[in-house]
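What follows is the content of start_37.pdb (PDB, C-alpha atoms).
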ATOM      1  CA  MET A1431      46.962  39.224  23.720
ATOM      2  CA  GLU A1432      46.825  36.323  21.313
ATOM      3  CA  ASN A1433      43.525  34.800  20.264
ATOM      4  CA  THR A1434      43.679  31.113  21.186
ATOM      5  CA  SER A1435      40.035  30.274  20.515
ATOM      6  CA  ARG A1436      39.289  27.756  17.810
ATOM      7  CA  PRO A1437      37.710  29.144  14.656
ATOM      8  CA  ILE A1438      34.103  28.225  14.126
ATOM      9  CA  GLU A1439      33.731  25.522  11.510
ATOM     10  CA  PHE A1440      31.152  26.184   8.824
ATOM     11  CA  ASP A1441      29.261  23.125   7.663
ATOM     12  CA  PRO A1442      27.006  23.873   4.662
ATOM     13  CA  THR A1443      25.248  20.539   5.135
ATOM     14  CA  HIS A1444      23.353  22.063   8.085
ATOM     15  CA  ILE A1445      21.654  24.476   5.693
ATOM     16  CA  THR A1446      20.975  21.742   3.178
ATOM     17  CA  LYS A1447      19.466  19.498   5.860
ATOM     18  CA  ALA A1448      17.261  22.323   7.174
ATOM     19  CA  ALA A1449      16.075  23.126   3.647
ATOM     20  CA  HIS A1450      15.422  19.444   2.951
ATOM     21  CA  ASP A1451      13.304  19.178   6.100
ATOM     22  CA  SER A1452      11.270  22.218   5.026
ATOM     23  CA  LEU A1453      10.947  21.387   1.323
ATOM     24  CA  THR A1454       9.165  18.073   1.571
ATOM     25  CA  VAL A1455       6.000  16.609   0.134
ATOM     26  CA  ARG A1456       4.532  16.834   3.645
ATOM     27  CA  ARG A1457       4.417  20.611   3.147
ATOM     28  CA  VAL A1458       2.625  20.225  -0.201
ATOM     29  CA  PHE A1459       0.105  17.628   0.961
ATOM     30  CA  GLY A1460      -0.816  18.479   4.535
ATOM     31  CA  GLU A1461      -1.898  16.047   7.187
ATOM     32  CA  ALA A1462      -5.211  14.520   6.097
ATOM     33  CA  TYR A1463      -8.069  14.608   8.567
ATOM     34  CA  GLU A1464     -11.586  13.200   8.695
ATOM     35  CA  ARG A1465     -14.716  15.137   9.573
ATOM     36  CA  GLU A1466     -18.246  13.649   9.557
ATOM     37  CA  GLY A1467     -17.212  10.747   7.302
ATOM     38  CA  THR A1468     -15.397  12.999   4.804
ATOM     39  CA  LEU A1469     -11.624  12.831   4.290
ATOM     40  CA  ILE A1470      -9.954  16.244   3.760
ATOM     41  CA  ILE A1471      -6.446  16.469   2.243
ATOM     42  CA  PRO A1472      -4.970  20.009   2.217
ATOM     43  CA  VAL A1473      -2.743  20.931  -0.745
ATOM     44  CA  ALA A1474      -0.283  23.835  -1.001
ATOM     45  CA  LYS A1475       2.204  25.246  -3.490
ATOM     46  CA  LEU A1476       5.751  25.191  -2.166
ATOM     47  CA  LEU A1477       8.648  27.304  -3.419
ATOM     48  CA  GLY A1478      12.067  27.299  -1.831
ATOM     49  CA  GLY A1479      15.750  27.731  -2.319
ATOM     50  CA  THR A1480      19.026  27.502  -0.502
ATOM     51  CA  GLY A1481      22.495  28.933  -0.835
ATOM     52  CA  SER A1482      25.754  29.165   1.021
ATOM     53  CA  GLY A1483      29.128  30.768   0.660
ATOM     54  CA  TRP A1484      32.594  30.768   2.089
ATOM     55  CA  GLY A1485      35.452  33.216   2.121
ATOM     56  CA  SER A1486      38.986  33.273   3.370
ATOM     57  CA  GLY A1487      42.006  35.501   3.250
ATOM     58  CA  SER A1488      45.578  35.910   4.289
ATOM     59  CA  GLY A1489      48.271  38.548   4.337
ATOM     60  CA  GLU A1490      47.857  42.295   4.042
ATOM     61  CA  MET A1491      45.399  44.004   1.787
ATOM     62  CA  SER A1492      47.012  45.465  -1.306
ATOM     63  CA  GLY A1493      46.295  48.992  -2.407
ATOM     64  CA  SER A1494      47.903  52.322  -3.112
ATOM     65  CA  ASP A1495      46.284  54.213  -0.235
ATOM     66  CA  GLU A1496      48.881  55.995   1.851
ATOM     67  CA  ARG A1497      46.357  56.247   4.684
ATOM     68  CA  PRO A1498      44.419  52.995   4.758
ATOM     69  CA  ASP A1499      40.866  52.940   6.003
ATOM     70  CA  GLU A1500      40.703  52.325   9.759
ATOM     71  CA  ARG A1501      38.420  49.355   9.222
ATOM     72  CA  SER A1502      40.736  47.548   6.811
ATOM     73  CA  PRO A1503      42.888  44.597   7.887
ATOM     74  CA  LYS A1504      45.943  46.516   6.650
ATOM     75  CA  ALA A1505      45.281  49.334   9.118
ATOM     76  CA  ALA A1506      44.818  46.813  11.893
ATOM     77  CA  GLY A1507      48.280  45.482  11.184
ATOM     78  CA  GLY A1508      47.637  42.217   9.415
ATOM     79  CA  GLY A1509      45.442  40.164   7.245
ATOM     80  CA  GLU A1510      43.967  36.785   7.850
ATOM     81  CA  GLY A1511      40.288  36.227   7.749
ATOM     82  CA  ALA A1512      37.582  33.754   7.174
ATOM     83  CA  GLY A1513      33.900  33.837   6.607
ATOM     84  CA  ALA A1514      30.937  31.734   5.880
ATOM     85  CA  GLY A1515      27.258  32.130   5.497
ATOM     86  CA  GLY A1516      24.167  30.673   4.096
ATOM     87  CA  GLY A1517      20.485  30.420   4.356
ATOM     88  CA  PHE A1518      17.292  29.210   2.818
ATOM     89  CA  GLY A1519      13.828  30.461   2.243
ATOM     90  CA  VAL A1520      10.470  28.792   1.885
ATOM     91  CA  ARG A1521       7.148  30.121   0.621
ATOM     92  CA  VAL A1522       4.018  28.044   1.090
ATOM     93  CA  ARG A1523       0.691  29.105  -0.442
ATOM     94  CA  PRO A1524      -2.524  27.119   0.090
ATOM     95  CA  LEU A1525      -4.119  25.893  -3.138
ATOM     96  CA  GLY A1526      -7.135  23.980  -1.876
ATOM     97  CA  VAL A1527      -8.194  20.593  -0.605
ATOM     98  CA  TYR A1528      -9.114  17.195  -1.970
ATOM     99  CA  VAL A1529     -12.438  16.071  -0.542
ATOM    100  CA  VAL A1530     -13.020  12.322  -0.433
ATOM    101  CA  ASP A1531     -16.519  11.145   0.490
ATOM    102  CA  GLN A1532     -19.273   8.755  -0.662
ATOM    103  CA  GLU A1533     -19.655  10.713  -3.921
ATOM    104  CA  GLY A1534     -15.975  10.241  -4.815
ATOM    105  CA  THR A1535     -12.981  12.571  -4.876
ATOM    106  CA  ARG A1536     -13.260  16.221  -5.864
ATOM    107  CA  TRP A1537     -11.032  19.280  -5.811
ATOM    108  CA  GLN A1538     -12.036  22.382  -3.821
ATOM    109  CA  PRO A1539      -9.745  25.319  -4.665
ATOM    110  CA  ALA A1540      -8.805  27.826  -1.967
ATOM    111  CA  LEU A1541      -9.951  31.404  -2.447
ATOM    112  CA  ASP A1542      -6.982  33.770  -2.345
ATOM    113  CA  LEU A1543      -8.738  36.965  -1.324
ATOM    114  CA  ASN A1544      -5.596  39.069  -1.815
ATOM    115  CA  ARG A1545      -5.394  38.017  -5.466
ATOM    116  CA  VAL A1546      -9.089  38.711  -5.976
ATOM    117  CA  ILE A1547      -8.704  42.225  -4.542
ATOM    118  CA  LEU A1548      -5.547  42.899  -6.560
ATOM    119  CA  GLY A1549      -7.240  41.679  -9.736
ATOM    120  CA  GLY A1550     -10.223  43.946  -9.074
ATOM    121  CA  GLN A1551      -7.954  46.936  -8.513
ATOM    122  CA  ALA A1552      -5.994  46.245 -11.710
ATOM    123  CA  THR A1553      -9.243  45.949 -13.664
ATOM    124  CA  ALA A1554     -10.525  49.233 -12.202
ATOM    125  CA  VAL A1555      -7.309  51.027 -13.205
ATOM    126  CA  VAL A1556      -7.519  49.692 -16.768
ATOM    127  CA  ILE A1557     -11.178  50.762 -17.055
ATOM    128  CA  ALA A1558     -10.375  54.228 -15.644
ATOM    129  CA  VAL A1559      -7.543  54.714 -18.162
ATOM    130  CA  ILE A1560      -9.733  53.626 -21.087
ATOM    131  CA  VAL A1561     -12.645  55.871 -20.000
ATOM    132  CA  GLY A1562     -10.271  58.825 -19.518
ATOM    133  CA  TRP A1563      -8.725  58.264 -22.938
ATOM    134  CA  ALA A1564     -12.172  58.010 -24.567
ATOM    135  CA  LEU A1565     -13.409  61.214 -22.872
ATOM    136  CA  ARG A1566     -10.322  63.182 -23.922
ATOM    137  CA  ARG A1567     -10.647  61.943 -27.461
ATOM    138  CA  ARG A1568     -14.320  62.891 -27.519
ATOM    139  CA  ARG A1569     -13.574  66.471 -26.302
ATOM    140  CA  HIS A1570     -10.959  67.004 -28.994
ATOM    141  CA  ARG A1571     -13.464  66.304 -31.789
TER     142      ARG A1571
END
What is this structure when it is put down as structure tokens?
Amino acid sequence: MENTSRPIEFDPTHITKAAHDSLTVRRVFGEAYEREGTLIIPVAKLLGGTGSGWGSGSGEMSGSDERPDERSPKAAGGGEGAGAGGGFGVRVRPLGVYVVDQEGTRWQPALDLNRVILGGQATAVVIAVIVGWALRRRRHR
């Protein structure tokens, strides 16, 4: 039975458009809102990237195998092929907010509790290593 379906066309601009929609200044500076006469403007750090690829093929696979792998196009009796793919990723991390009120504009940083905990753990490990080293050195004297 012959495959008469049309091959799927890959358009890398779809990925680029999706990434463009995600990687905008609107993600960095969130929607401002007002509460009790104070304007709040959320700010975030945005990292992102995109990539895409394309492949094609034709004919039989070359190789010196007398018994080709069952999964290879050569074993299936032909070649041909196509392929496409792509994607993008976005990472958004809150940094803080600008507060605008009668006193002026000021920056209020966001507290990243995970970083605080990780920093405390790293400091504890360093202190434990130094204390252990000092105790061993003291015993050897």
Near range 1471-1484 of chain A, counting all atoms listed in the file, which residues have an atom at most 10 Å away, once you skip same-chain residues fewer than 5 positions from it, shown as a tab-separated table (two decimals) with C-alpha atoms, in the frame of the given file?
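Now in part-v3.tsv:
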chain	number	residue	atom	x	y	z
A	1440	PHE	CA	31.15	26.18	8.82
A	1441	ASP	CA	29.26	23.12	7.66
A	1442	PRO	CA	27.01	23.87	4.66
A	1443	THR	CA	25.25	20.54	5.14
A	1445	ILE	CA	21.65	24.48	5.69
A	1446	THR	CA	20.98	21.74	3.18
A	1448	ALA	CA	17.26	22.32	7.17
A	1449	ALA	CA	16.08	23.13	3.65
A	1450	HIS	CA	15.42	19.44	2.95
A	1452	SER	CA	11.27	22.22	5.03
A	1453	LEU	CA	10.95	21.39	1.32
A	1454	THR	CA	9.16	18.07	1.57
A	1455	VAL	CA	6.00	16.61	0.13
A	1456	ARG	CA	4.53	16.83	3.64
A	1457	ARG	CA	4.42	20.61	3.15
A	1458	VAL	CA	2.62	20.23	-0.20
A	1459	PHE	CA	0.10	17.63	0.96
A	1460	GLY	CA	-0.82	18.48	4.54
A	1461	GLU	CA	-1.90	16.05	7.19
A	1462	ALA	CA	-5.21	14.52	6.10
A	1463	TYR	CA	-8.07	14.61	8.57
A	1464	GLU	CA	-11.59	13.20	8.70
A	1512	ALA	CA	37.58	33.75	7.17
A	1513	GLY	CA	33.90	33.84	6.61
A	1514	ALA	CA	30.94	31.73	5.88
A	1515	GLY	CA	27.26	32.13	5.50
A	1516	GLY	CA	24.17	30.67	4.10
A	1517	GLY	CA	20.48	30.42	4.36
A	1518	PHE	CA	17.29	29.21	2.82
A	1519	GLY	CA	13.83	30.46	2.24
A	1520	VAL	CA	10.47	28.79	1.88
A	1521	ARG	CA	7.15	30.12	0.62
A	1522	VAL	CA	4.02	28.04	1.09
A	1523	ARG	CA	0.69	29.10	-0.44
A	1524	PRO	CA	-2.52	27.12	0.09
A	1525	LEU	CA	-4.12	25.89	-3.14
A	1526	GLY	CA	-7.14	23.98	-1.88
A	1527	VAL	CA	-8.19	20.59	-0.60
A	1528	TYR	CA	-9.11	17.20	-1.97
A	1529	VAL	CA	-12.44	16.07	-0.54
A	1530	VAL	CA	-13.02	12.32	-0.43
A	1537	TRP	CA	-11.03	19.28	-5.81
A	1538	GLN	CA	-12.04	22.38	-3.82
A	1539	PRO	CA	-9.74	25.32	-4.66
A	1540	ALA	CA	-8.80	27.83	-1.97
- Looking at A:Thr1535, A:Glu1510, A:Arg1567, A:Val1559, which one is nearest to Ser1488 in chain A, with distances taken over all atoms listed in the file? A:Glu1510
- Item | Two-atom distance - CA of Val1556 in chain A, CA of Arg1568 in chain A (Å) |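 These atoms are spaced 18.3 Å apart.
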- Item | Atomic separation - CA of Leu1469 in chain A relative to CA of Gln1532 in chain A, Å |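 Distance reported for this atom pair: 10.0 Å.
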- CA of His1570 in chain A and CA of Gln1551 in chain A are how many Å apart?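 CA of Gln1551 in chain A lies 28.8 Å from CA of His1570 in chain A.
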- Message: Could you list, as an NGL selection string, every residue within 6 Å of Asp1531 in chain A, counting only C-alpha atoms and ignoring same-chain residues fewer than 2 positions away?
- Response: :A and (1468 or 1533-1534)
- Top pick for closest residue to Gly1511 in chain A, considering A:Asp1451, A:Asn1544, A:Gly1487, A:Ile1470 and counting all atoms listed in the file: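 Selected residue with least distance to Gly1511 in chain A: A:Gly1487.
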